[in-house]
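The structure file run27.tsv is reproduced below (TSV, C-alpha atoms).
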```tsv
chain	number	residue	atom	x	y	z
A	1	MET	CA	-140.05	32.82	-57.24
A	2	SER	CA	-141.05	36.44	-57.07
A	3	ILE	CA	-140.14	39.95	-58.09
A	4	GLU	CA	-141.62	42.82	-56.10
A	5	VAL	CA	-143.13	45.64	-58.15
A	6	ARG	CA	-143.99	49.01	-56.59
A	7	ILE	CA	-147.05	50.64	-58.11
A	8	PRO	CA	-147.63	54.43	-58.01
A	9	THR	CA	-150.86	55.79	-56.48
A	10	ILE	CA	-152.22	56.68	-59.88
A	11	LEU	CA	-152.16	53.05	-61.09
A	12	ARG	CA	-153.46	51.34	-57.95
A	13	THR	CA	-156.95	51.14	-59.40
A	14	TYR	CA	-155.51	48.15	-61.30
A	15	THR	CA	-154.09	46.49	-58.19
A	16	ALA	CA	-157.10	46.83	-55.84
A	17	GLY	CA	-155.24	49.60	-54.02
A	18	GLU	CA	-152.11	47.52	-53.37
A	19	LYS	CA	-148.82	49.49	-53.22
A	20	THR	CA	-146.75	46.49	-54.19
A	21	VAL	CA	-147.56	43.40	-56.19
A	22	VAL	CA	-145.42	40.37	-57.01
A	23	GLY	CA	-144.85	38.68	-60.32
A	24	SER	CA	-142.39	36.49	-62.14
A	25	GLY	CA	-140.61	36.29	-65.48
A	26	ALA	CA	-137.14	36.32	-67.02
A	27	THR	CA	-137.50	39.73	-68.65
A	28	LEU	CA	-139.44	42.89	-67.89
A	29	THR	CA	-141.87	42.04	-70.72
A	30	GLU	CA	-142.54	38.62	-69.21
A	31	LEU	CA	-142.98	40.18	-65.78
A	32	LEU	CA	-145.54	42.66	-67.14
A	33	ASP	CA	-147.38	39.85	-68.96
A	34	ASP	CA	-147.51	37.90	-65.71
A	35	LEU	CA	-148.87	40.93	-63.82
A	36	GLU	CA	-151.44	41.57	-66.55
A	37	ALA	CA	-152.95	38.12	-65.91
A	38	ARG	CA	-153.91	39.18	-62.37
A	39	HIS	CA	-154.15	42.97	-62.79
A	40	GLY	CA	-155.90	43.43	-66.10
A	41	GLY	CA	-155.34	46.80	-67.80
A	42	LEU	CA	-152.09	47.61	-66.01
A	43	ARG	CA	-149.77	46.70	-68.88
A	44	ASP	CA	-151.51	49.02	-71.34
A	45	ARG	CA	-150.95	51.96	-69.02
A	46	LEU	CA	-147.20	51.27	-68.98
A	47	VAL	CA	-146.42	50.27	-72.55
A	48	ASP	CA	-147.70	51.02	-76.02
A	49	GLU	CA	-146.66	49.65	-79.41
A	50	LYS	CA	-143.42	51.67	-79.26
A	51	GLY	CA	-142.34	50.44	-75.83
A	52	LEU	CA	-142.47	52.19	-72.45
A	53	ARG	CA	-144.85	55.13	-72.47
A	54	ARG	CA	-143.24	58.58	-72.47
A	55	PHE	CA	-144.38	59.61	-68.99
A	56	VAL	CA	-143.69	56.25	-67.35
A	57	ASN	CA	-140.36	55.46	-65.71
A	58	VAL	CA	-139.49	51.92	-64.64
A	59	TYR	CA	-136.53	51.21	-62.39
A	60	LEU	CA	-134.90	47.84	-61.77
A	61	ASN	CA	-133.16	47.94	-58.38
A	62	ASP	CA	-133.19	51.77	-58.67
A	63	GLU	CA	-131.69	51.88	-62.18
A	64	ASP	CA	-133.79	53.26	-65.08
A	65	VAL	CA	-134.48	50.30	-67.41
A	66	ARG	CA	-134.23	52.56	-70.48
A	67	PHE	CA	-130.45	52.46	-69.88
A	68	LEU	CA	-130.42	48.70	-69.33
A	69	GLY	CA	-132.26	46.64	-71.91
A	70	GLY	CA	-135.59	48.45	-71.97
A	71	LEU	CA	-138.50	45.99	-71.92
A	72	GLU	CA	-136.07	43.16	-72.70
A	73	THR	CA	-134.08	43.82	-69.51
A	74	SER	CA	-133.42	40.57	-67.63
A	75	VAL	CA	-134.99	40.30	-64.22
A	76	LYS	CA	-134.50	37.68	-61.52
A	77	ASP	CA	-135.85	36.45	-58.25
A	78	GLY	CA	-135.42	39.00	-55.47
A	79	ASP	CA	-135.21	42.03	-57.80
A	80	HIS	CA	-137.17	45.16	-57.00
A	81	VAL	CA	-139.03	46.98	-59.76
A	82	THR	CA	-140.41	50.50	-59.22
A	83	VAL	CA	-142.89	52.21	-61.54
A	84	LEU	CA	-143.16	56.02	-61.31
A	85	PRO	CA	-144.72	58.77	-63.40
A	86	ALA	CA	-142.20	61.28	-64.80
A	87	VAL	CA	-142.11	64.47	-62.74
A	88	ALA	CA	-140.22	67.75	-62.99
A	89	GLY	CA	-137.41	68.97	-60.75
A	90	GLY	CA	-135.48	72.26	-60.60
B	1	MET	CA	-109.56	86.52	-56.32
B	2	ARG	CA	-110.99	89.88	-57.39
B	3	TYR	CA	-114.19	90.54	-59.39
B	4	ASP	CA	-115.86	93.74	-60.59
B	5	SER	CA	-119.26	92.71	-59.20
B	6	LEU	CA	-121.09	89.83	-57.58
B	7	LEU	CA	-122.45	88.58	-60.92
B	8	ASP	CA	-118.91	88.43	-62.31
B	9	SER	CA	-118.05	85.94	-59.56
B	10	VAL	CA	-120.53	83.24	-60.69
B	11	GLY	CA	-118.74	79.95	-61.46
B	12	ARG	CA	-115.04	78.98	-61.18
B	13	THR	CA	-115.96	76.89	-58.17
B	14	PRO	CA	-113.45	74.57	-56.44
B	15	LEU	CA	-113.21	70.86	-57.24
B	16	VAL	CA	-112.17	69.13	-54.04
B	17	GLY	CA	-111.00	65.56	-53.54
B	18	LEU	CA	-112.73	63.30	-51.05
B	19	PRO	CA	-109.80	61.15	-49.87
B	20	ARG	CA	-111.66	59.47	-47.01
B	21	LEU	CA	-114.66	58.37	-49.05
B	22	SER	CA	-112.60	57.33	-52.09
B	23	PRO	CA	-112.03	53.56	-52.04
B	24	SER	CA	-108.38	53.68	-53.21
B	25	PRO	CA	-105.76	55.94	-54.82
B	26	ASP	CA	-106.95	54.54	-58.18
B	27	VAL	CA	-110.64	55.21	-57.61
B	28	ARG	CA	-111.13	58.80	-56.55
B	29	LEU	CA	-114.17	60.96	-55.85
B	30	TRP	CA	-114.22	64.70	-56.53
B	31	ALA	CA	-116.84	67.21	-55.39
B	32	LYS	CA	-117.59	70.32	-57.48
B	33	LEU	CA	-118.62	72.86	-54.83
B	34	GLU	CA	-121.43	74.75	-56.52
B	35	ASP	CA	-122.58	76.05	-53.14
B	36	ARG	CA	-119.74	78.58	-53.50
B	37	ASN	CA	-121.78	80.56	-56.04
B	38	PRO	CA	-123.28	83.94	-54.99
B	39	THR	CA	-126.69	82.62	-53.85
B	40	GLY	CA	-125.22	79.31	-52.73
B	41	SER	CA	-126.35	77.01	-55.52
B	42	VAL	CA	-125.49	75.66	-58.96
B	43	LYS	CA	-128.54	77.51	-60.34
B	44	ASP	CA	-126.69	80.84	-60.44
B	45	ARG	CA	-125.10	79.67	-63.68
B	46	PRO	CA	-128.28	78.96	-65.70
B	47	ALA	CA	-130.12	81.92	-64.13
B	48	LEU	CA	-127.44	84.36	-65.29
B	49	PHE	CA	-127.14	82.76	-68.75
B	50	MET	CA	-130.91	82.72	-69.30
B	51	VAL	CA	-131.27	86.41	-68.31
B	52	GLU	CA	-128.31	87.51	-70.43
B	53	GLU	CA	-129.52	85.54	-73.44
B	54	ALA	CA	-133.01	87.06	-73.11
B	55	GLU	CA	-131.47	90.53	-72.88
B	56	LYS	CA	-129.34	89.93	-75.98
B	57	SER	CA	-132.29	88.66	-77.99
B	58	GLY	CA	-134.38	91.68	-76.91
B	59	ARG	CA	-136.99	89.58	-75.15
B	60	LEU	CA	-136.09	91.17	-71.78
B	61	ARG	CA	-136.19	94.95	-71.63
B	62	PRO	CA	-135.80	97.31	-68.65
B	63	GLY	CA	-138.82	97.13	-66.35
B	64	CYS	CA	-139.94	93.70	-67.58
B	65	THR	CA	-141.53	91.09	-65.31
B	66	ILE	CA	-139.87	87.65	-65.30
B	67	LEU	CA	-142.01	84.59	-64.57
B	68	GLU	CA	-140.57	81.20	-63.59
B	69	PRO	CA	-141.83	77.88	-62.24
B	70	THR	CA	-139.30	76.69	-59.66
B	71	SER	CA	-138.98	74.46	-56.63
B	72	GLY	CA	-136.67	77.09	-55.18
B	73	ASN	CA	-133.02	77.30	-56.16
B	74	THR	CA	-133.49	78.63	-59.70
B	75	GLY	CA	-135.97	81.16	-58.32
B	76	ILE	CA	-133.48	82.31	-55.68
B	77	SER	CA	-130.74	82.74	-58.31
B	78	LEU	CA	-133.11	84.59	-60.65
B	79	ALA	CA	-134.27	86.82	-57.77
B	80	MET	CA	-130.70	87.93	-57.14
B	81	VAL	CA	-130.00	88.58	-60.85
B	82	ALA	CA	-133.38	90.30	-61.34
B	83	ARG	CA	-132.77	92.61	-58.40
B	84	LEU	CA	-129.40	93.69	-59.76
B	85	ARG	CA	-130.71	94.14	-63.32
B	86	GLY	CA	-133.96	95.87	-62.32
B	87	TYR	CA	-136.59	93.26	-63.23
B	88	ARG	CA	-139.64	92.19	-61.28
B	89	LEU	CA	-139.74	88.42	-60.61
B	90	VAL	CA	-142.80	86.23	-60.08
B	91	CYS	CA	-142.02	82.62	-59.05
B	92	VAL	CA	-144.52	79.78	-59.11
B	93	MET	CA	-143.41	77.38	-56.37
B	94	PRO	CA	-145.00	74.23	-54.94
B	95	SER	CA	-146.16	74.65	-51.32
B	96	ASN	CA	-144.16	71.61	-50.12
B	97	THR	CA	-140.75	73.30	-50.27
B	98	SER	CA	-138.66	74.36	-47.28
B	99	VAL	CA	-139.51	77.62	-45.50
B	100	GLU	CA	-135.95	78.89	-46.06
B	101	ARG	CA	-136.44	78.86	-49.84
B	102	ARG	CA	-139.49	81.07	-49.41
B	103	GLN	CA	-137.65	83.42	-47.04
B	104	LEU	CA	-134.71	83.78	-49.41
B	105	LEU	CA	-136.94	84.48	-52.41
B	106	GLU	CA	-138.74	87.21	-50.48
B	107	MET	CA	-135.47	88.64	-49.21
B	108	TRP	CA	-134.27	89.22	-52.78
B	109	GLY	CA	-137.66	90.74	-53.64
B	110	ALA	CA	-139.39	87.97	-55.60
B	111	GLU	CA	-143.16	87.52	-55.50
B	112	ILE	CA	-144.33	83.95	-54.87
B	113	VAL	CA	-147.38	82.25	-56.33
B	114	SER	CA	-147.95	78.95	-54.50
B	115	SER	CA	-148.94	75.85	-56.43
B	116	PRO	CA	-150.41	72.74	-54.77
B	117	ALA	CA	-148.12	70.13	-53.19
B	118	GLU	CA	-149.82	67.31	-55.08
B	119	GLY	CA	-148.02	66.90	-58.36
B	120	GLY	CA	-144.95	68.86	-57.18
B	121	SER	CA	-143.12	70.83	-59.84
B	122	ASN	CA	-145.42	69.50	-62.59
B	123	GLU	CA	-148.19	71.63	-61.11
B	124	ALA	CA	-145.89	74.66	-60.82
B	125	VAL	CA	-145.04	74.33	-64.52
B	126	ARG	CA	-148.71	74.04	-65.44
B	127	ARG	CA	-149.69	77.06	-63.33
B	128	ALA	CA	-146.82	79.15	-64.73
B	129	LYS	CA	-147.92	78.36	-68.29
B	130	GLU	CA	-151.44	79.56	-67.39
B	131	LEU	CA	-150.04	82.78	-65.91
B	132	ALA	CA	-147.92	83.33	-69.02
B	133	GLU	CA	-151.08	83.18	-71.13
B	134	GLU	CA	-152.90	85.59	-68.82
B	135	HIS	CA	-149.94	88.01	-68.88
B	136	PRO	CA	-148.49	88.01	-72.40
B	137	ASP	CA	-146.12	90.85	-71.47
B	138	TRP	CA	-144.38	88.75	-68.80
B	139	VAL	CA	-141.24	86.89	-69.84
B	140	MET	CA	-141.08	83.23	-68.84
B	141	LEU	CA	-137.45	82.09	-69.09
B	142	TYR	CA	-138.61	78.47	-68.60
B	143	GLN	CA	-135.58	76.57	-67.31
B	144	TYR	CA	-136.98	73.22	-68.49
B	145	GLY	CA	-136.86	74.12	-72.15
B	146	ASN	CA	-134.46	77.07	-72.37
B	147	PRO	CA	-131.27	76.05	-74.23
B	148	ALA	CA	-129.35	78.74	-72.28
B	149	ASN	CA	-129.78	76.57	-69.17
B	150	ALA	CA	-127.78	73.67	-70.64
B	151	GLU	CA	-125.49	76.13	-72.46
B	152	SER	CA	-124.38	77.66	-69.14
B	153	HIS	CA	-123.01	74.26	-68.12
B	154	TYR	CA	-121.59	73.49	-71.56
B	155	ALA	CA	-119.73	76.81	-71.53
B	156	THR	CA	-118.61	76.98	-67.89
B	157	THR	CA	-119.16	73.98	-65.58
B	158	GLY	CA	-117.95	71.40	-68.12
B	159	PRO	CA	-114.72	73.18	-69.11
B	160	GLU	CA	-113.92	73.95	-65.46
B	161	ILE	CA	-114.23	70.29	-64.48
B	162	LEU	CA	-112.12	69.09	-67.42
B	163	GLU	CA	-109.41	71.67	-66.71
B	164	ASP	CA	-109.20	70.59	-63.06
B	165	LEU	CA	-109.55	66.85	-63.74
B	166	PRO	CA	-108.30	65.85	-67.22
B	167	SER	CA	-108.33	62.19	-66.11
B	168	ILE	CA	-112.10	62.24	-65.45
B	169	THR	CA	-113.92	58.95	-66.17
B	170	HIS	CA	-117.38	59.64	-64.68
B	171	PHE	CA	-119.57	62.69	-64.18
B	172	VAL	CA	-122.55	62.45	-61.81
B	173	ALA	CA	-125.23	65.11	-61.32
B	174	GLY	CA	-128.86	65.48	-60.33
B	175	LEU	CA	-131.70	65.21	-62.79
B	176	GLY	CA	-134.23	68.00	-62.43
B	177	THR	CA	-134.40	70.33	-65.41
B	178	THR	CA	-131.65	68.09	-66.89
B	179	GLY	CA	-129.64	71.25	-67.74
B	180	THR	CA	-126.49	70.31	-65.79
B	181	LEU	CA	-126.31	66.79	-67.22
B	182	MET	CA	-127.09	67.87	-70.78
B	183	GLY	CA	-124.58	70.75	-70.78
B	184	VAL	CA	-121.67	69.15	-68.92
B	185	GLY	CA	-122.46	65.77	-70.49
B	186	ARG	CA	-122.25	67.05	-74.07
B	187	PHE	CA	-119.06	68.99	-73.36
B	188	LEU	CA	-117.30	66.04	-71.73
B	189	ARG	CA	-118.41	63.60	-74.44
B	190	GLU	CA	-116.79	65.88	-77.03
B	191	HIS	CA	-113.50	65.91	-75.14
B	192	VAL	CA	-113.15	62.66	-73.18
B	193	SER	CA	-113.58	59.33	-74.92
B	194	ASP	CA	-115.68	56.77	-73.04
B	195	VAL	CA	-116.62	59.22	-70.29
B	196	GLU	CA	-119.72	58.05	-68.41
B	197	ILE	CA	-122.50	60.55	-67.69
B	198	VAL	CA	-124.66	59.43	-64.79
B	199	ALA	CA	-127.94	60.91	-63.56
B	200	ALA	CA	-129.19	60.71	-59.96
B	201	GLU	CA	-132.89	61.40	-59.81
B	202	PRO	CA	-134.55	62.12	-56.47
B	203	ARG	CA	-137.42	59.80	-55.61
B	204	TYR	CA	-139.95	61.75	-53.58
B	205	GLY	CA	-142.86	60.67	-51.41
B	206	GLU	CA	-146.15	59.60	-52.94
B	207	LEU	CA	-147.73	63.05	-52.59
B	208	VAL	CA	-145.39	64.44	-55.23
B	209	TYR	CA	-146.45	61.79	-57.75
B	210	GLY	CA	-150.11	62.50	-57.04
B	211	LEU	CA	-151.04	63.24	-60.64
B	212	ARG	CA	-154.62	62.81	-61.77
B	213	ASN	CA	-153.52	60.80	-64.79
B	214	LEU	CA	-150.32	59.72	-66.48
B	215	ASP	CA	-150.69	62.28	-69.25
B	216	GLU	CA	-149.89	64.95	-66.65
B	217	GLY	CA	-146.38	63.50	-66.39
B	218	PHE	CA	-143.54	65.75	-67.43
B	219	VAL	CA	-140.26	65.31	-69.27
B	220	PRO	CA	-138.25	68.54	-69.66
B	221	GLU	CA	-137.87	69.65	-73.27
B	222	LEU	CA	-134.09	69.89	-72.70
B	223	TYR	CA	-133.80	66.18	-71.93
B	224	ASP	CA	-131.91	64.06	-74.45
B	225	GLU	CA	-131.57	60.48	-73.23
B	226	SER	CA	-128.62	59.81	-75.55
B	227	VAL	CA	-126.32	62.07	-73.49
B	228	LEU	CA	-126.62	59.78	-70.45
B	229	THR	CA	-124.94	56.47	-69.70
B	230	SER	CA	-127.24	55.52	-66.84
B	231	ARG	CA	-129.89	56.97	-64.57
B	232	TYR	CA	-130.55	56.06	-60.94
B	233	SER	CA	-133.52	56.77	-58.71
B	234	VAL	CA	-132.47	57.68	-55.15
B	235	GLY	CA	-134.87	57.85	-52.21
B	236	PRO	CA	-134.63	60.18	-49.20
B	237	ARG	CA	-133.17	57.54	-46.87
B	238	ASP	CA	-130.08	57.00	-49.04
B	239	ALA	CA	-129.79	60.75	-49.67
B	240	VAL	CA	-129.80	61.54	-45.94
B	241	ARG	CA	-127.38	58.69	-45.19
B	242	ARG	CA	-124.91	60.04	-47.77
B	243	VAL	CA	-125.30	63.64	-46.57
B	244	ARG	CA	-124.24	62.40	-43.13
B	245	GLU	CA	-121.31	60.42	-44.59
B	246	LEU	CA	-120.10	63.54	-46.40
B	247	LEU	CA	-120.25	65.47	-43.13
B	248	ASP	CA	-118.69	62.79	-40.95
B	249	ASN	CA	-115.91	61.72	-43.31
B	250	GLU	CA	-115.04	64.81	-45.31
B	251	GLY	CA	-116.50	67.72	-43.32
B	252	LEU	CA	-118.68	68.64	-46.28
B	253	PHE	CA	-122.07	70.20	-45.41
B	254	ALA	CA	-124.40	69.51	-48.33
B	255	GLY	CA	-128.10	69.56	-49.17
B	256	PHE	CA	-130.14	66.43	-49.81
B	257	SER	CA	-130.03	66.56	-53.61
B	258	THR	CA	-126.25	66.31	-53.23
B	259	GLY	CA	-126.77	63.33	-50.93
B	260	ALA	CA	-128.69	61.59	-53.73
B	261	ILE	CA	-125.91	62.37	-56.22
B	262	ALA	CA	-123.21	61.19	-53.78
B	263	HIS	CA	-125.14	57.92	-53.39
B	264	ALA	CA	-124.88	57.23	-57.12
B	265	ALA	CA	-121.23	58.37	-57.20
B	266	LEU	CA	-120.25	56.12	-54.28
B	267	GLY	CA	-122.01	53.17	-55.94
B	268	ILE	CA	-119.96	53.70	-59.11
B	269	ALA	CA	-116.78	54.04	-57.04
B	270	ALA	CA	-117.47	50.77	-55.19
B	271	ARG	CA	-118.08	48.92	-58.46
B	272	ALA	CA	-114.96	50.29	-60.15
B	273	HIS	CA	-112.88	49.32	-57.10
B	274	GLN	CA	-114.36	45.83	-57.06
B	275	GLU	CA	-113.66	45.35	-60.77
B	276	GLY	CA	-110.14	46.75	-60.47
B	277	ARG	CA	-110.74	49.66	-62.84
B	278	ARG	CA	-109.23	53.14	-62.45
B	279	ALA	CA	-111.86	55.88	-61.97
B	280	ASP	CA	-111.95	59.64	-61.40
B	281	ILE	CA	-115.54	60.42	-60.51
B	282	ALA	CA	-116.62	64.07	-60.36
B	283	PHE	CA	-120.01	64.98	-58.92
B	284	ILE	CA	-121.96	68.16	-58.33
B	285	VAL	CA	-122.59	69.61	-54.88
B	286	CYS	CA	-125.75	71.51	-55.82
B	287	ASP	CA	-126.00	73.49	-52.61
B	288	ALA	CA	-125.11	73.35	-48.92
B	289	GLY	CA	-127.49	72.27	-46.19
B	290	TRP	CA	-128.47	75.70	-44.81
B	291	LYS	CA	-131.80	75.88	-46.62
B	292	TYR	CA	-132.91	72.50	-45.27
B	293	LEU	CA	-132.12	72.75	-41.56
B	294	SER	CA	-135.79	73.41	-40.80
B	295	THR	CA	-136.70	69.96	-42.17
B	296	GLY	CA	-135.05	68.47	-39.08
B	297	ALA	CA	-133.45	65.81	-41.27
B	298	TYR	CA	-129.87	66.61	-40.17
B	299	ALA	CA	-130.52	65.25	-36.68
B	300	GLY	CA	-132.11	62.14	-35.20
B	301	THR	CA	-132.35	58.67	-36.69
B	302	LEU	CA	-132.61	57.85	-40.40
B	303	ASP	CA	-136.23	56.79	-39.82
B	304	GLU	CA	-137.05	60.20	-38.35
B	305	ALA	CA	-135.24	62.02	-41.16
B	306	GLU	CA	-137.04	59.95	-43.78
B	307	SER	CA	-140.41	60.72	-42.24
B	308	ASN	CA	-139.56	64.44	-41.97
B	309	LEU	CA	-138.80	64.57	-45.70
B	310	ASP	CA	-141.85	62.57	-46.77
B	311	GLY	CA	-144.02	64.61	-49.11
B	312	GLN	CA	-141.39	67.40	-49.31
B	313	LEU	CA	-139.60	68.44	-52.49
B	314	TRP	CA	-136.31	67.76	-50.74
B	315	ALA	CA	-134.05	67.98	-53.80
```
Final structure tokens representation of the file:
Amino acid sequence: MSIEVRIPTILRTYTAGEKTVVGSGATLTELLDDLEARHGGLRDRLVDEKGLRRFVNVYLNDEDVRFLGGLETSVKDGDHVTVLPAVAGG
Amino acid sequence: MRYDSLLDSVGRTPLVGLPRLSPSPDVRLWAKLEDRNPTGSVKDRPALFMVEEAEKSGRLRPGCTILEPTSGNTGISLAMVARLRGYRLVCVMPSNTSVERRQLLEMWGAEIVSSPAEGGSNEAVRRAKELAEEHPDWVMLYQYGNPANAESHYATTGPEILEDLPSITHFVAGLGTTGTLMGVGRFLREHVSDVEIVAAEPRYGELVYGLRNLDEGFVPELYDESVLTSRYSVGPRDAVRRVRELLDNEGLFAGFSTGAIAHAALGIAARAHQEGRRADIAFIVCDAGWKYLSTGAYAGTLDEAESNLDGQLWA
């Protein structure tokens, strides 16, 4: 039972330098809670009281979760979650 | 078709069907060939609109210096317009962009200030804002927050697509400044009920996300989430794979940002086909592949191409 989560360089201080960590849960919130148990401090960098932080993007199987169910998006075994800071293009 | 000058020929680009990549006669893909613009990219539209708006408002006067943070294409378009209108152009560009972008900028007479590769365009924006403070007489058009950027697509790209494809169900474009998606997206939503507006966002190598802290992240001021239906992150491997599919199946020679957009568009097409829904999916071909040949990513295996693009601002 695991969901792979890719962590950006900037947040690897919370994962002992690991690029990917695994967790479980039925929703993104549950997944983040599960990760927080082993990687303390990570959740607060991703969410605040209003939801996902402005400069944090989270993708479930490459789709931005803000257009799915936000933090309540359902996740399942075998899903891939990617966390990235927001950057400019153009 | 005859025009009075090169600038008059911006826009009115062809929309071409992709019969070989479309899954069925009911689910069709259409490519809007923005590489047919004067400098070969979609950015000619916002560059021209931003300059003309600044001239109208009196912010740009003869002899002015224009300043712009850019990963390349907007700078190239601005360089062409600035040369014709008699402005000096200073571009702030990350160092991890293709050599051709640099050569083209210099060819049209732009001056380039390099910003560090780490942090990508975020750093270019930050450096440009510093330069703007140091040189209050320079005019920063600022594509990320200039309403004329989105307006150029609302006024031209959107209406052109709707005229050529009244049955449109999906519009797919790249997410950089967000100008194309905001402009075309708003226009189509006003005219086509239930149209889906889909963003394809390039996912770069780790170097580009090398910010010192999350507060250095950047969301363009133009961005309004409510215009979009969904947003996909596309890595270099899928972008290169789709660029090759466009070449092999349809003869279309596109850049890698277009590959990322085509990846999202083909995903939508496959789903619509599977679910038995009719779809007319239009997507933007931002530019052709000429500027990216030096990356080596048009030849060799996908692994080699992916490694060649790692750390580059390939879209």
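We find CA of Glu304 (chain B) and CA of Thr258 (chain B) to be spaced 19.4 Å apart.
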Using all atoms listed in the file, collect all residues at a distance of at most 12 Å from (-148.9, 78.2, -54.8) as written in the file, then present them as a ChimeraX atom specification. /B:69-71,90-97,102,111-121,123-128
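Using only C-alpha atoms for every distance, the candidate list A:Ser2, A:Thr20, A:Asn57, A:Thr9 yields A:Thr9 as the residue closest to chain B.
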What does the distance from CA of Arg241 (chain B) to CA of Val16 (chain B) come to in Å, to one decimal? 20.5 Å
Could you write out as a ChimeraX atom specification the residues of chain B within 10 Å of chain A, counting all atoms listed in the file? /B:43,69-75,119-125,143-144,174-179,199-204,206-220,225-226,228-235,313,315
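Distance-wise, CA of Glu245 (chain B) and CA of Ala260 (chain B) end up 11.8 Å apart.
Between Ala265 (chain B) and the residues B:Leu29, B:Val243, B:Met1, B:Ala297, the shortest atom-to-atom distance, using all atoms listed in the file, involves B:Leu29.
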Given all atoms listed in the file as the counted atoms, nearest of B:Glu68, B:Asp35, B:Asp238, B:Asp310 to Gly296 (chain B):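 When distances to Gly296 (chain B) are compared using all atoms listed in the file, the smallest one comes from B:Asp310.
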Which centre and which edge lengths, in Å to one decimal, describe the axis-aligned box that holds all listed atoms of region 32-42 of chain A after 8 Å is added on each side, as JSON?
```
{"center_x": -150.7, "center_y": 42.8, "center_z": -65.7, "size_x": 26.4, "size_y": 25.7, "size_z": 22.6}
```
Residue among B:Gln312, B:Thr13, B:Ser5, B:Thr169 lying closest to Ala269 (chain B), counting all atoms listed in the file: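 Looking only at the distances to Ala269 (chain B), the closest residue turns out to be B:Thr169.
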Compare A:Val83, A:Leu71, A:Leu31, A:Ala16 by their minimum atom-to-atom distance to Leu52 (chain A), counting only C-alpha atoms, and give me the closest one.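 Distance minimum relative to Leu52 (chain A) lands on A:Leu71.
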Give the answer as one residue: which of B:Val195, B:Cys286, B:Ala299, B:Ile261 has the shortest atom-to-atom distance to Ser167 (chain B), using all atoms listed in the file?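 Selected residue with least distance to Ser167 (chain B): B:Val195.
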